[in-house]
$ cat final.pdb   # PDB, C-alpha atoms
ATOM      1  CA  MET T   1      80.210  84.703 115.370
ATOM      2  CA  ARG T   2      83.381  84.015 117.282
ATOM      3  CA  LEU T   3      84.882  87.011 119.008
ATOM      4  CA  GLU T   4      88.374  85.752 118.107
ATOM      5  CA  TYR T   5      87.587  86.818 114.533
ATOM      6  CA  ILE T   6      86.554  90.327 115.497
ATOM      7  CA  ASN T   7      89.258  91.345 117.943
ATOM      8  CA  PRO T   8      92.201  91.212 115.514
ATOM      9  CA  PHE T   9      90.412  93.654 113.191
ATOM     10  CA  VAL T  10      89.556  96.026 116.024
ATOM     11  CA  GLU T  11      93.050  95.860 117.500
ATOM     12  CA  ALA T  12      94.670  96.245 114.082
ATOM     13  CA  SER T  13      92.461  99.280 113.368
ATOM     14  CA  CYS T  14      93.456 100.990 116.609
ATOM     15  CA  GLU T  15      97.148 100.209 116.138
ATOM     16  CA  ILE T  16      97.356 101.250 112.489
ATOM     17  CA  ILE T  17      95.369 104.467 113.024
ATOM     18  CA  GLN T  18      97.612 105.393 115.956
ATOM     19  CA  GLU T  19     100.834 104.514 114.108
ATOM     20  CA  VAL T  20      99.994 106.088 110.769
ATOM     21  CA  LEU T  21      98.023 109.133 111.869
ATOM     22  CA  GLY T  22      99.654 109.715 115.249
ATOM     23  CA  ILE T  23      96.298 110.239 116.981
ATOM     24  CA  GLU T  24      94.579 108.721 119.984
ATOM     25  CA  VAL T  25      91.815 106.202 119.379
ATOM     26  CA  GLU T  26      89.108 105.330 121.859
ATOM     27  CA  LYS T  27      87.062 102.160 121.394
ATOM     28  CA  GLU T  28      83.369 102.662 122.036
ATOM     29  CA  GLU T  29      80.944  99.929 122.916
ATOM     30  CA  LEU T  30      80.594  97.124 120.399
ATOM     31  CA  PHE T  31      77.107  96.463 119.066
ATOM     32  CA  LEU T  32      75.487  93.807 116.956
ATOM     33  CA  LYS T  33      73.342  94.317 113.870
ATOM     34  CA  GLU T  34      71.534  91.565 112.078
ATOM     35  CA  THR T  35      69.902  93.632 109.380
ATOM     36  CA  THR T  36      70.839  96.376 106.989
ATOM     37  CA  VAL T  37      73.398  98.874 108.255
ATOM     38  CA  PRO T  38      73.626 102.468 107.005
ATOM     39  CA  ILE T  39      77.131 103.503 106.064
ATOM     40  CA  LEU T  40      78.644 106.873 106.817
ATOM     41  CA  GLY T  41      79.803 108.060 103.398
ATOM     42  CA  VAL T  42      83.190 106.463 102.685
ATOM     43  CA  ALA T  43      83.425 102.722 103.171
ATOM     44  CA  VAL T  44      86.190 100.304 102.296
ATOM     45  CA  LEU T  45      85.176  96.685 101.930
ATOM     46  CA  ILE T  46      87.594  93.791 102.417
ATOM     47  CA  GLY T  47      86.274  90.333 101.591
ATOM     48  CA  LEU T  48      87.267  87.348 103.752
ATOM     49  CA  THR T  49      87.641  83.839 102.369
ATOM     50  CA  GLY T  50      89.311  80.598 103.371
ATOM     51  CA  SER T  51      87.958  78.853 106.436
ATOM     52  CA  VAL T  52      85.313  81.596 106.782
ATOM     53  CA  ARG T  53      83.134  83.737 104.600
ATOM     54  CA  GLY T  54      82.413  87.340 105.347
ATOM     55  CA  ARG T  55      83.654  90.858 105.057
ATOM     56  CA  VAL T  56      85.051  93.809 106.949
ATOM     57  CA  LEU T  57      83.891  97.362 106.331
ATOM     58  CA  ILE T  58      85.905 100.330 107.477
ATOM     59  CA  ASP T  59      83.509 103.229 107.432
ATOM     60  CA  MET T  60      83.762 106.975 108.075
ATOM     61  CA  ASN T  61      82.184 110.203 106.890
ATOM     62  CA  ILE T  62      83.692 112.311 104.145
ATOM     63  CA  ASP T  63      85.113 114.977 106.496
ATOM     64  CA  THR T  64      86.942 112.332 108.509
ATOM     65  CA  ALA T  65      88.231 110.720 105.311
ATOM     66  CA  LEU T  66      89.565 114.071 104.053
ATOM     67  CA  LYS T  67      91.355 114.715 107.358
ATOM     68  CA  VAL T  68      92.870 111.220 107.327
ATOM     69  CA  ALA T  69      94.021 111.639 103.712
ATOM     70  CA  THR T  70      95.596 115.014 104.531
ATOM     71  CA  VAL T  71      97.674 113.609 107.391
ATOM     72  CA  MET T  72      98.728 110.500 105.474
ATOM     73  CA  ASN T  73      99.884 112.699 102.575
ATOM     74  CA  PHE T  74     102.170 114.750 104.833
ATOM     75  CA  GLY T  75      99.788 117.690 105.188
ATOM     76  CA  GLU T  76      98.741 118.007 101.525
ATOM     77  CA  GLU T  77      95.246 119.382 102.043
ATOM     78  CA  PHE T  78      92.320 117.663 100.335
ATOM     79  CA  LYS T  79      89.176 119.703  99.732
ATOM     80  CA  VAL T  80      87.573 117.090  97.487
ATOM     81  CA  PHE T  81      87.677 113.335  97.744
ATOM     82  CA  ASN T  82      89.800 112.783  94.635
ATOM     83  CA  ASP T  83      91.585 109.664  93.357
ATOM     84  CA  LEU T  84      94.615 110.165  95.609
ATOM     85  CA  ALA T  85      92.390 110.607  98.674
ATOM     86  CA  LYS T  86      90.507 107.422  97.728
ATOM     87  CA  ALA T  87      93.785 105.530  97.259
ATOM     88  CA  THR T  88      94.945 106.809 100.653
ATOM     89  CA  ILE T  89      91.856 105.624 102.551
ATOM     90  CA  THR T  90      91.970 102.319 100.671
ATOM     91  CA  GLU T  91      95.595 101.845 101.678
ATOM     92  CA  LEU T  92      94.816 102.613 105.334
ATOM     93  CA  SER T  93      92.192  99.861 105.216
ATOM     94  CA  ASN T  94      94.578  97.534 103.404
ATOM     95  CA  MET T  95      97.093  97.941 106.236
ATOM     96  CA  ILE T  96      94.390  97.230 108.830
ATOM     97  CA  GLY T  97      93.255  94.098 106.970
ATOM     98  CA  GLY T  98      96.830  92.948 106.446
ATOM     99  CA  ARG T  99      97.756  93.273 110.091
ATOM    100  CA  ALA T 100      94.586  91.521 111.256
ATOM    101  CA  ILE T 101      95.118  88.630 108.851
ATOM    102  CA  THR T 102      98.733  88.312 109.974
ATOM    103  CA  GLU T 103      97.546  88.069 113.585
ATOM    104  CA  LEU T 104      94.809  85.557 112.739
ATOM    105  CA  HIS T 105      97.346  83.376 110.917
ATOM    106  CA  SER T 106      99.690  83.449 113.887
ATOM    107  CA  GLU T 107      96.757  82.180 115.980
ATOM    108  CA  GLY T 108      96.244  79.282 113.562
ATOM    109  CA  PHE T 109      93.296  80.571 111.523
ATOM    110  CA  SER T 110      93.379  80.294 107.786
ATOM    111  CA  PHE T 111      91.888  83.433 106.224
ATOM    112  CA  GLN T 112      92.559  85.146 102.945
ATOM    113  CA  VAL T 113      91.552  88.711 102.123
ATOM    114  CA  SER T 114      90.448  90.217  98.850
ATOM    115  CA  PRO T 115      91.972  93.514  97.722
ATOM    116  CA  PRO T 116      90.021  96.394  99.299
ATOM    117  CA  THR T 117      87.243  98.127  97.373
ATOM    118  CA  ILE T 118      86.155 101.662  98.207
ATOM    119  CA  PHE T 119      82.590 102.982  98.032
ATOM    120  CA  THR T 120      81.593 106.601  98.419
ATOM    121  CA  GLY T 121      78.210 108.271  98.477
ATOM    122  CA  THR T 122      75.327 109.331 100.627
ATOM    123  CA  ASP T 123      72.321 107.331 101.816
ATOM    124  CA  MET T 124      74.100 104.019 101.319
ATOM    125  CA  GLU T 125      73.321 100.854 103.185
ATOM    126  CA  VAL T 126      75.045  97.506 103.360
ATOM    127  CA  SER T 127      73.244  94.190 103.755
ATOM    128  CA  SER T 128      74.929  90.882 104.423
ATOM    129  CA  PRO T 129      72.195  88.256 104.326
ATOM    130  CA  HIS T 130      72.526  85.550 106.981
ATOM    131  CA  LEU T 131      75.483  87.286 108.572
ATOM    132  CA  GLU T 132      75.446  89.160 111.856
ATOM    133  CA  ALA T 133      77.604  92.260 111.823
ATOM    134  CA  PHE T 134      79.582  93.393 114.837
ATOM    135  CA  ILE T 135      80.256  97.114 114.770
ATOM    136  CA  VAL T 136      82.956  98.746 116.852
ATOM    137  CA  PRO T 137      82.924 102.538 116.695
ATOM    138  CA  LEU T 138      86.307 104.180 117.169
ATOM    139  CA  LYS T 139      86.356 107.735 118.456
ATOM    140  CA  THR T 140      89.219 109.781 117.020
ATOM    141  CA  PRO T 141      90.049 113.507 116.912
ATOM    142  CA  PHE T 142      89.182 113.352 113.183
ATOM    143  CA  GLY T 143      85.717 111.890 113.773
ATOM    144  CA  ARG T 144      84.167 108.489 114.192
ATOM    145  CA  ILE T 145      85.488 105.477 112.287
ATOM    146  CA  GLU T 146      83.420 102.302 112.391
ATOM    147  CA  ILE T 147      84.840  98.821 112.058
ATOM    148  CA  ASN T 148      82.054  96.565 110.854
ATOM    149  CA  VAL T 149      82.877  92.853 110.778
ATOM    150  CA  ALA T 150      80.547  90.123 109.523
ATOM    151  CA  VAL T 151      82.102  86.643 109.452
ATOM    152  CA  LYS T 152      80.735  83.143 109.445
ATOM    153  CA  GLU T 153      82.619  79.846 109.541
ATOM    154  CA  ARG T 154      82.169  77.846 106.375
ATOM    155  CA  GLU T 155      79.773  74.977 106.843
ATOM    156  CA  ASP T 156      81.970  72.582 104.859
ATOM    157  CA  ASN T 157      84.848  72.974 107.365
TER     158      ASN T 157
ATOM    159  CA  MET V   1     143.176 128.757 100.535
ATOM    160  CA  PRO V   2     141.180 131.926 100.948
ATOM    161  CA  GLY V   3     137.960 131.798  98.989
ATOM    162  CA  GLU V   4     138.261 128.056  98.257
ATOM    163  CA  GLU V   5     135.224 125.993  99.234
ATOM    164  CA  TYR V   6     135.815 122.826 101.187
ATOM    165  CA  PRO V   7     133.038 120.291 101.690
ATOM    166  CA  ASN V   8     131.665 120.131 105.198
ATOM    167  CA  ILE V   9     133.025 116.945 106.781
ATOM    168  CA  ASN V  10     129.547 116.277 108.154
ATOM    169  CA  ASP V  11     128.010 116.258 104.678
ATOM    170  CA  ARG V  12     127.134 112.736 103.773
ATOM    171  CA  VAL V  13     126.584 111.259 100.377
ATOM    172  CA  PRO V  14     122.883 110.388  99.969
ATOM    173  CA  ASP V  15     122.149 106.635  99.923
ATOM    174  CA  GLY V  16     120.933 106.806  96.343
ATOM    175  CA  VAL V  17     124.240 108.062  94.938
ATOM    176  CA  LYS V  18     126.687 105.477  93.602
ATOM    177  CA  PRO V  19     130.449 105.769  94.206
ATOM    178  CA  ASN V  20     130.825 106.909  90.561
ATOM    179  CA  GLY V  21     128.342 109.759  91.150
ATOM    180  CA  GLY V  22     125.461 108.117  89.290
ATOM    181  CA  HIS V  23     122.172 107.254  90.931
ATOM    182  CA  PHE V  24     120.775 103.846  91.860
ATOM    183  CA  LYS V  25     117.756 103.142  89.660
ATOM    184  CA  ILE V  26     114.605 101.799  91.291
ATOM    185  CA  MET V  27     111.366 100.411  89.866
ATOM    186  CA  VAL V  28     108.329 100.739  92.167
ATOM    187  CA  VAL V  29     105.548  98.159  91.718
ATOM    188  CA  ASP V  30     102.260  98.738  93.535
ATOM    189  CA  ASP V  31      98.624  99.123  92.494
ATOM    190  CA  SER V  32      98.071 101.927  95.008
ATOM    191  CA  MET V  33      98.663 105.479  93.804
ATOM    192  CA  PHE V  34      99.173 106.444  97.454
ATOM    193  CA  VAL V  35     101.955 103.893  97.993
ATOM    194  CA  THR V  36     103.797 104.690  94.754
ATOM    195  CA  LYS V  37     103.716 108.387  95.694
ATOM    196  CA  GLN V  38     104.910 107.663  99.235
ATOM    197  CA  LEU V  39     107.748 105.398  98.064
ATOM    198  CA  THR V  40     108.794 107.856  95.369
ATOM    199  CA  GLN V  41     109.021 110.636  97.971
ATOM    200  CA  ILE V  42     111.095 108.464 100.309
ATOM    201  CA  LEU V  43     113.428 107.306  97.529
ATOM    202  CA  THR V  44     113.977 110.655  95.830
ATOM    203  CA  SER V  45     114.683 112.283  99.206
ATOM    204  CA  GLU V  46     117.844 110.105  99.234
ATOM    205  CA  HIS V  47     118.579 110.780  95.549
ATOM    206  CA  TYR V  48     117.506 107.379  94.258
ATOM    207  CA  GLU V  49     116.140 107.593  90.736
ATOM    208  CA  VAL V  50     112.683 106.083  90.265
ATOM    209  CA  VAL V  51     112.982 104.851  86.675
ATOM    210  CA  ALA V  52     109.596 103.143  86.428
ATOM    211  CA  ILE V  53     106.325 102.664  88.237
ATOM    212  CA  ALA V  54     104.097  99.654  87.517
ATOM    213  CA  GLU V  55     100.569  99.029  88.787
ATOM    214  CA  ASN V  56     100.599  95.250  88.427
ATOM    215  CA  GLY V  57     102.937  92.318  87.884
ATOM    216  CA  GLU V  58     102.370  92.095  84.130
ATOM    217  CA  VAL V  59     103.369  95.708  83.536
ATOM    218  CA  ALA V  60     106.286  95.339  85.967
ATOM    219  CA  LEU V  61     107.681  92.323  84.105
ATOM    220  CA  GLU V  62     107.438  94.115  80.755
ATOM    221  CA  LYS V  63     109.091  97.244  82.118
ATOM    222  CA  TYR V  64     111.852  95.288  83.870
ATOM    223  CA  LYS V  65     112.709  93.458  80.637
ATOM    224  CA  SER V  66     112.672  96.609  78.540
ATOM    225  CA  LEU V  67     114.809  98.551  81.025
ATOM    226  CA  TYR V  68     117.230  95.672  81.736
ATOM    227  CA  PRO V  69     120.016  96.010  82.875
ATOM    228  CA  ASP V  70     119.207  99.544  83.997
ATOM    229  CA  VAL V  71     117.199  98.688  87.113
ATOM    230  CA  ASP V  72     119.238  98.265  90.294
ATOM    231  CA  LEU V  73     116.344  97.302  92.554
ATOM    232  CA  VAL V  74     112.601  96.654  92.495
ATOM    233  CA  THR V  75     110.125  97.250  95.328
ATOM    234  CA  MET V  76     107.258  94.795  94.809
ATOM    235  CA  ASP V  77     103.765  94.821  96.311
ATOM    236  CA  ILE V  78     102.194  91.364  96.690
ATOM    237  CA  THR V  79      98.425  91.753  96.313
ATOM    238  CA  MET V  80      97.856  93.229  92.864
ATOM    239  CA  PRO V  81      95.464  92.604  89.971
ATOM    240  CA  LYS V  82      96.391  90.649  86.800
ATOM    241  CA  MET V  83      99.701  89.266  88.097
ATOM    242  CA  ASP V  84     100.453  89.332  91.812
ATOM    243  CA  GLY V  85     103.827  90.168  93.325
ATOM    244  CA  ILE V  86     104.871  86.571  94.052
ATOM    245  CA  GLU V  87     104.285  85.503  90.440
ATOM    246  CA  CYS V  88     106.078  88.582  89.156
ATOM    247  CA  LEU V  89     108.999  87.942  91.530
ATOM    248  CA  LYS V  90     109.327  84.397  90.107
ATOM    249  CA  LYS V  91     109.258  85.640  86.520
ATOM    250  CA  ILE V  92     111.761  88.443  87.070
ATOM    251  CA  VAL V  93     114.142  86.072  88.893
ATOM    252  CA  GLU V  94     113.794  83.555  86.010
ATOM    253  CA  PHE V  95     114.731  86.335  83.591
ATOM    254  CA  ASP V  96     117.518  87.821  85.735
ATOM    255  CA  LYS V  97     118.834  85.654  88.541
ATOM    256  CA  ASN V  98     120.721  88.655  89.951
ATOM    257  CA  ALA V  99     117.610  90.831  90.257
ATOM    258  CA  LYS V 100     117.336  92.660  93.559
ATOM    259  CA  ILE V 101     113.736  92.695  94.689
ATOM    260  CA  ILE V 102     112.255  93.790  98.011
ATOM    261  CA  MET V 103     108.716  92.680  98.755
ATOM    262  CA  ILE V 104     106.394  95.200 100.412
ATOM    263  CA  SER V 105     103.062  94.079 101.803
ATOM    264  CA  ALA V 106     100.472  94.837 104.454
ATOM    265  CA  ILE V 107     100.416  91.105 105.170
ATOM    266  CA  GLY V 108     103.296  89.794 107.267
ATOM    267  CA  LYS V 109     102.394  86.088 107.369
ATOM    268  CA  GLN V 110     105.491  84.004 107.983
ATOM    269  CA  ASP V 111     104.749  81.574 105.151
ATOM    270  CA  LEU V 112     104.484  84.440 102.667
ATOM    271  CA  VAL V 113     107.739  85.972 103.884
ATOM    272  CA  LYS V 114     109.515  82.584 103.654
ATOM    273  CA  GLU V 115     108.125  81.881 100.190
ATOM    274  CA  SER V 116     109.302  85.281  98.920
ATOM    275  CA  LEU V 117     112.799  84.820 100.310
ATOM    276  CA  LEU V 118     113.044  81.273  98.936
ATOM    277  CA  ILE V 119     112.116  82.468  95.456
ATOM    278  CA  GLY V 120     114.831  85.096  95.615
ATOM    279  CA  ALA V 121     113.542  88.302  97.203
ATOM    280  CA  LYS V 122     116.278  90.142  99.088
ATOM    281  CA  ASN V 123     114.026  91.340 101.870
ATOM    282  CA  TYR V 124     110.428  91.853 102.964
ATOM    283  CA  ILE V 125     108.893  94.996 104.452
ATOM    284  CA  VAL V 126     105.551  94.964 106.245
ATOM    285  CA  LYS V 127     103.439  98.121 105.920
ATOM    286  CA  PRO V 128     102.940 100.757 107.232
ATOM    287  CA  LEU V 129     106.029 102.081 105.535
ATOM    288  CA  ASN V 130     108.565 103.768 107.726
ATOM    289  CA  ARG V 131     111.092 105.949 105.905
ATOM    290  CA  ASN V 132     114.133 104.732 107.832
ATOM    291  CA  LYS V 133     113.125 101.082 107.559
ATOM    292  CA  VAL V 134     112.611 101.358 103.793
ATOM    293  CA  LEU V 135     115.919 103.134 103.213
ATOM    294  CA  GLU V 136     117.854 100.741 105.434
ATOM    295  CA  ARG V 137     116.499  97.626 103.707
ATOM    296  CA  ILE V 138     117.146  99.078 100.267
ATOM    297  CA  GLN V 139     120.668 100.097 101.166
ATOM    298  CA  ASN V 140     121.374  96.609 102.563
ATOM    299  CA  ALA V 141     120.029  94.944  99.420
ATOM    300  CA  LEU V 142     122.181  97.128  97.193
ATOM    301  CA  SER V 143     125.393  96.751  99.196
TER     302      SER V 143
END
$ encode --input "final.pdb" --output "C-alpha cells"
Amino acid sequence: MRLEYINPFVEASCEIIQEVLGIEVEKEELFLKETTVPILGVAVLIGLTGSVRGRVLIDMNIDTALKVATVMNFGEEFKVFNDLAKATITELSNMIGGRAITELHSEGFSFQVSPPTIFTGTDMEVSSPHLEAFIVPLKTPFGRIEINVAVKEREDN
Amino acid sequence: MPGEEYPNINDRVPDGVKPNGGHFKIMVVDDSMFVTKQLTQILTSEHYEVVAIAENGEVALEKYKSLYPDVDLVTMDITMPKMDGIECLKKIVEFDKNAKIIMISAIGKQDLVKESLLIGAKNYIVKPLNRNKVLERIQNALS
C-alpha cells in the first residue's frame, strides 16, 4: 500500500481534531495488520472508491466518543451515546474524510468517498480480506483515537 | 429627556434582521442532525429564522417549492442520500433562477466548488464550520 494514500488521512485527522476540539494530538507509531483487527467500541467507516478500493475506519472507545461529542456540542454533556452523539462522531469523521480526499485530489489522485457509517458495540472486529491495514494511533487528552486505513489500487487501472 | 430611553449607539442590528424589521428566512439542508443543530444555533444567534430543515435533496426541493417565495437563502450539504446537494441545487435553480444557495461540504475539491458556482450557488463553505465564516458568507449572499 502506498504511503501517499495513508498520510492525508492521518494529517487530516490530526488537523481536524485539533481545530474542532481544540486539543493536542500526538501521533504514535504506525503499525501494519494483515488480519482481523479488533475495534474499540465506536467506529466510523468511510468507503473509498475510484482509482482505489478500500476503507478508512476512525475508531475510539465509548468514553472518548462521549467526551468528543460533549465538546463538539458546546459543552452539552452526553452520558449515553444517543443519536445526536452518533451524528456528532459521524460528522467528525466526515470532516476528516473530506479533508483527506481534498488533499488527495490536489495531489492528482482520483478517489471518491462513501457517506460515513457508524458502528457501536463491544467485542467487534473488522476484517478486510486481501487488504493490509495501516493503523495510526493518535494520543489525545480524551483518549486514544485510531486511524485505520486499508487501501489497494484497482487492478484495472 | 429625563426617563426617555435612547438606543446605545454601539448596539448593532443582528445580521438576520431585515431593514423592515422582519427576519431573513433560511432553509438548512443536511443529513446530519449534528450539522443542522450547529447551523441552527449559529443562524438564530444572529436572529435569522430557520424556516425549514431537510435531510436530503428530495425533501429540500419539495419544501423549497411549498415555501416559495418565503425562503431567502438555502444552506445545502452535498453528500446526502436520495438526492445529493448538486442535483438539488440544479433543480432549485431551474425552479427559481434567483434562489440564493450556499453549498456546505467537508470536501473542498476545486472541481466540485467550480461546478457548484457554475450551476448557480452563491458561495461554498468547507467544513469544519466556523461561526464567523458562515455568517459572513450568508450576509454577502443576501446583500
$ resolve_selection --input "final.pdb" --expression "the PyMOL selection byres ((chain T and resi 70-83) around 10)" --output "list in words"
Val20, Leu21, Gly22, Val42, Ile62, Asp63, Thr64, Ala65, Leu66, Lys67, Val68, Ala69, Leu84, Ala85, Lys86, Ala87, Thr88, Ile89, Glu91, Leu92 and Thr120 of chain T; Met33, Phe34, Lys37 and Gln38 of chain V
$ resolve_selection --input "final.pdb" --expression "the PyMOL selection byres ((chain V) within 10 of (chain T))" --output "JSON list (two decimals) with C-alpha atoms, in the coordinates of the input"
[["chain", "number", "residue", "atom", "x", "y", "z"],
["V", 31, "ASP", "CA", 98.62, 99.12, 92.49],
["V", 32, "SER", "CA", 98.07, 101.93, 95.01],
["V", 33, "MET", "CA", 98.66, 105.48, 93.80],
["V", 34, "PHE", "CA", 99.17, 106.44, 97.45],
["V", 35, "VAL", "CA", 101.96, 103.89, 97.99],
["V", 37, "LYS", "CA", 103.72, 108.39, 95.69],
["V", 38, "GLN", "CA", 104.91, 107.66, 99.24],
["V", 79, "THR", "CA", 98.42, 91.75, 96.31],
["V", 80, "MET", "CA", 97.86, 93.23, 92.86],
["V", 81, "PRO", "CA", 95.46, 92.60, 89.97],
["V", 105, "SER", "CA", 103.06, 94.08, 101.80],
["V", 106, "ALA", "CA", 100.47, 94.84, 104.45],
["V", 107, "ILE", "CA", 100.42, 91.10, 105.17],
["V", 108, "GLY", "CA", 103.30, 89.79, 107.27],
["V", 109, "LYS", "CA", 102.39, 86.09, 107.37],
["V", 110, "GLN", "CA", 105.49, 84.00, 107.98],
["V", 111, "ASP", "CA", 104.75, 81.57, 105.15],
["V", 126, "VAL", "CA", 105.55, 94.96, 106.24],
["V", 127, "LYS", "CA", 103.44, 98.12, 105.92],
["V", 128, "PRO", "CA", 102.94, 100.76, 107.23],
["V", 129, "LEU", "CA", 106.03, 102.08, 105.54],
["V", 130, "ASN", "CA", 108.56, 103.77, 107.73]]
$ resolve_selection --input "final.pdb" --expression "the PyMOL selection byres ((chain V and resi 64) around 12)" --output "NGL selection string"
:V and (25-29 or 51-54 or 57-63 or 65-76 or 88-89 or 91-93 or 95-96 or 99-101)
$ atom_distance --input "final.pdb" --atom1 "CA of Ala43 in chain T" --atom2 "CA of Phe119 in chain T"
5.2 Å
$ residues_near_point --input "final.pdb" --point "(91.3, 81.4, 107.4)" --cutoff "6 Å" --atoms "all atoms listed in the file" --output "JSON, numbers by chain"
{"T": [50, 51, 109, 110, 111, 112]}
$ atom_distance --input "final.pdb" --atom1 "CA of Ile58 in chain T" --atom2 "CA of Asp77 in chain V"
21.8 Å
$ closest_residue --input "final.pdb" --among "T:Val10, T:Met124, T:Ile17, T:Leu131" --to "Ile39 in chain T" --atoms "only C-alpha atoms"
T:Met124
$ atom_distance --input "final.pdb" --atom1 "CA of Pro8 in chain T" --atom2 "CA of Leu117 in chain V"
26.4 Å
$ build_atoms --input "final.pdb" --residues "range 23-34 of chain V" --atoms "N, CA and C atoms" --output "compact mmCIF listing (two decimals), in the frame of the given file"
# COMPACT_ATOMS: atom_id res chain seq x y z
N HIS V 23 123.24 107.53 89.95
CA HIS V 23 122.17 107.25 90.93
C HIS V 23 121.68 105.81 90.79
N PHE V 24 121.40 105.17 91.92
CA PHE V 24 120.78 103.85 91.86
C PHE V 24 119.37 103.99 91.26
N LYS V 25 119.03 103.06 90.38
CA LYS V 25 117.76 103.14 89.66
C LYS V 25 116.77 102.13 90.24
N ILE V 26 115.60 102.62 90.59
CA ILE V 26 114.60 101.80 91.29
C ILE V 26 113.32 101.73 90.47
N MET V 27 112.71 100.54 90.43
CA MET V 27 111.37 100.41 89.87
C MET V 27 110.41 100.12 91.03
N VAL V 28 109.32 100.88 91.09
CA VAL V 28 108.33 100.74 92.17
C VAL V 28 107.10 100.04 91.59
N VAL V 29 106.71 98.91 92.22
CA VAL V 29 105.55 98.16 91.72
C VAL V 29 104.49 98.11 92.82
N ASP V 30 103.36 98.74 92.57
CA ASP V 30 102.26 98.74 93.54
C ASP V 30 101.02 99.26 92.82
N ASP V 31 99.86 98.67 93.15
CA ASP V 31 98.62 99.12 92.49
C ASP V 31 98.01 100.33 93.20
N SER V 32 98.62 100.77 94.28
CA SER V 32 98.07 101.93 95.01
C SER V 32 98.83 103.20 94.65
N MET V 33 98.09 104.17 94.14
CA MET V 33 98.66 105.48 93.80
C MET V 33 99.28 106.12 95.05
N PHE V 34 98.65 105.88 96.20
CA PHE V 34 99.17 106.44 97.45
C PHE V 34 100.55 105.86 97.77
